[in-house]
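Only one structure is covered here, and it is reproduced in the block below.
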Amino acid sequence: MDFVSLIAKASVLTQSASQPSTGEMLISFLPFVAIIIIFYFFMLRPQQKKDKQDAQMRKNLQIGDEVVTNAGIVGIVAQIHEDTETVVIETTANHTRIRVKKWAIIQNETVHDDTAETGKKKV
């Protein structure tokens, strides 16, 4: 019986020694937290800023702006329909008109005076 009690005490000691403390558990999660923070600042945040700039560009479209669509179609804005979120663009000198969704416009190649002024810092 003495041998059995000795084995039981040894197993209790090994179980208590193998349990990590709270501090050790927090330290082991530290690399995962660092990876999540790095992922946010190098991937998610820049994409959110770009999405916000694209939405602002689409909101500020004006008739006469030269735009490029996702499909690579280049044209000049002829009409803007705010209720359906569509834009009619003229693509050639023949006045061929195409109606596209605003989200399909990826670039506005027209520089406006108010956008040029906001890029400059006032001193």
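Please note that chains go A, B, ... in the order of the structure tokens, that every chain numbers its residues from 1, and that ligands are numbered from 1 in the order shown.
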Practice prompt. Find the residues around Arg99 of chain A up to 7 Å (only C-alpha atoms counted), leave out those fewer than 5 positions away in its own chain, and share them as a ChimeraX atom specification.
Written response: /A:86-89
Item to complete: Skip segment 101-116 of chain A itself and residues of its chain fewer than 4 positions away, then list as JSON, numbers by chain all residues within 12 Å of it, counting only C-alpha atoms.
Response: {"A": [50, 51, 53, 54, 55, 56, 57, 58, 59, 60, 61, 62, 63, 64, 65, 66, 67, 68, 69, 70, 71, 72, 73, 74, 75, 76, 77, 79, 80, 81, 82, 83, 84, 85, 86, 87, 88, 89, 120, 121]}
Include N, CA and C atoms and write out the residues we just selected as a short mmCIF file (atom, residue, chain, number, x, y, z; two decimals), in the first residue's frame.
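Final output, out.cif:
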```cif
data_model
loop_
_atom_site.label_atom_id
_atom_site.label_comp_id
_atom_site.auth_asym_id
_atom_site.auth_seq_id
_atom_site.Cartn_x
_atom_site.Cartn_y
_atom_site.Cartn_z
N LYS A 50 -9.03 53.34 -48.64
CA LYS A 50 -9.22 53.37 -50.09
C LYS A 50 -10.69 53.28 -50.45
N ASP A 51 -11.45 52.43 -49.76
CA ASP A 51 -12.88 52.31 -50.01
C ASP A 51 -13.60 53.63 -49.73
N GLN A 53 -12.24 56.67 -49.91
CA GLN A 53 -11.87 57.61 -50.96
C GLN A 53 -12.64 57.32 -52.25
N ASP A 54 -12.81 56.03 -52.59
CA ASP A 54 -13.56 55.67 -53.79
C ASP A 54 -15.02 56.09 -53.67
N ALA A 55 -15.61 55.90 -52.50
CA ALA A 55 -17.01 56.30 -52.30
C ALA A 55 -17.15 57.81 -52.42
N GLN A 56 -16.18 58.55 -51.89
CA GLN A 56 -16.21 60.01 -52.00
C GLN A 56 -16.08 60.45 -53.45
N MET A 57 -15.21 59.77 -54.22
CA MET A 57 -15.03 60.10 -55.63
C MET A 57 -16.34 59.88 -56.39
N ARG A 58 -17.02 58.77 -56.12
CA ARG A 58 -18.28 58.48 -56.81
C ARG A 58 -19.37 59.48 -56.40
N LYS A 59 -19.35 59.89 -55.16
CA LYS A 59 -20.34 60.86 -54.67
C LYS A 59 -20.15 62.22 -55.34
N ASN A 60 -18.90 62.60 -55.62
CA ASN A 60 -18.59 63.91 -56.18
C ASN A 60 -18.57 63.94 -57.71
N LEU A 61 -19.07 62.89 -58.37
CA LEU A 61 -19.11 62.91 -59.83
C LEU A 61 -19.98 64.04 -60.33
N GLN A 62 -19.53 64.66 -61.40
CA GLN A 62 -20.28 65.76 -62.01
C GLN A 62 -20.44 65.48 -63.50
N ILE A 63 -21.44 66.09 -64.10
CA ILE A 63 -21.65 65.96 -65.54
C ILE A 63 -20.45 66.60 -66.24
N GLY A 64 -19.88 65.89 -67.19
CA GLY A 64 -18.71 66.37 -67.92
C GLY A 64 -17.42 65.73 -67.46
N ASP A 65 -17.44 64.98 -66.37
CA ASP A 65 -16.23 64.30 -65.89
C ASP A 65 -15.88 63.13 -66.80
N GLU A 66 -14.58 62.94 -67.02
CA GLU A 66 -14.12 61.78 -67.77
C GLU A 66 -13.84 60.66 -66.77
N VAL A 67 -14.50 59.51 -66.96
CA VAL A 67 -14.41 58.41 -66.00
C VAL A 67 -13.98 57.12 -66.70
N VAL A 68 -13.50 56.18 -65.88
CA VAL A 68 -13.13 54.85 -66.35
C VAL A 68 -13.91 53.84 -65.53
N THR A 69 -14.50 52.82 -66.19
CA THR A 69 -15.27 51.80 -65.49
C THR A 69 -14.40 50.58 -65.20
N ASN A 70 -14.94 49.63 -64.45
CA ASN A 70 -14.24 48.38 -64.15
C ASN A 70 -13.84 47.64 -65.41
N ALA A 71 -14.67 47.72 -66.44
CA ALA A 71 -14.42 47.01 -67.69
C ALA A 71 -13.41 47.74 -68.58
N GLY A 72 -12.97 48.92 -68.17
CA GLY A 72 -12.00 49.67 -68.95
C GLY A 72 -12.64 50.63 -69.94
N ILE A 73 -13.93 50.82 -69.85
CA ILE A 73 -14.62 51.75 -70.75
C ILE A 73 -14.36 53.17 -70.27
N VAL A 74 -13.91 54.02 -71.18
CA VAL A 74 -13.63 55.41 -70.88
C VAL A 74 -14.73 56.25 -71.51
N GLY A 75 -15.28 57.15 -70.73
CA GLY A 75 -16.34 58.00 -71.27
C GLY A 75 -16.51 59.25 -70.45
N ILE A 76 -17.44 60.09 -70.91
CA ILE A 76 -17.74 61.35 -70.23
C ILE A 76 -19.13 61.25 -69.64
N VAL A 77 -19.28 61.68 -68.39
CA VAL A 77 -20.56 61.59 -67.70
C VAL A 77 -21.56 62.52 -68.37
N GLN A 79 -25.26 61.98 -67.70
CA GLN A 79 -26.37 62.10 -66.75
C GLN A 79 -26.02 61.35 -65.47
N ILE A 80 -26.58 61.82 -64.37
CA ILE A 80 -26.41 61.15 -63.09
C ILE A 80 -27.80 60.91 -62.52
N HIS A 81 -28.11 59.66 -62.21
CA HIS A 81 -29.40 59.29 -61.62
C HIS A 81 -29.15 58.87 -60.18
N GLU A 82 -29.42 59.77 -59.24
CA GLU A 82 -29.15 59.49 -57.83
C GLU A 82 -30.10 58.43 -57.26
N ASP A 83 -31.34 58.39 -57.74
CA ASP A 83 -32.32 57.46 -57.19
C ASP A 83 -31.98 56.01 -57.51
N THR A 84 -31.40 55.74 -58.67
CA THR A 84 -31.04 54.36 -59.03
C THR A 84 -29.55 54.10 -58.93
N GLU A 85 -28.78 55.11 -58.48
CA GLU A 85 -27.32 54.99 -58.33
C GLU A 85 -26.67 54.58 -59.66
N THR A 86 -27.12 55.20 -60.76
CA THR A 86 -26.54 54.92 -62.07
C THR A 86 -26.03 56.20 -62.69
N VAL A 87 -25.16 56.02 -63.68
CA VAL A 87 -24.56 57.13 -64.41
C VAL A 87 -24.63 56.77 -65.90
N VAL A 88 -24.99 57.74 -66.73
CA VAL A 88 -24.96 57.55 -68.18
C VAL A 88 -23.70 58.21 -68.69
N ILE A 89 -22.88 57.43 -69.43
CA ILE A 89 -21.64 57.98 -69.96
C ILE A 89 -21.67 57.92 -71.48
N LYS A 120 -3.64 71.26 -51.53
CA LYS A 120 -2.65 72.23 -51.08
C LYS A 120 -2.89 72.58 -49.62
N LYS A 121 -1.83 72.78 -48.90
CA LYS A 121 -1.94 73.20 -47.51
C LYS A 121 -1.96 74.72 -47.45
#
```
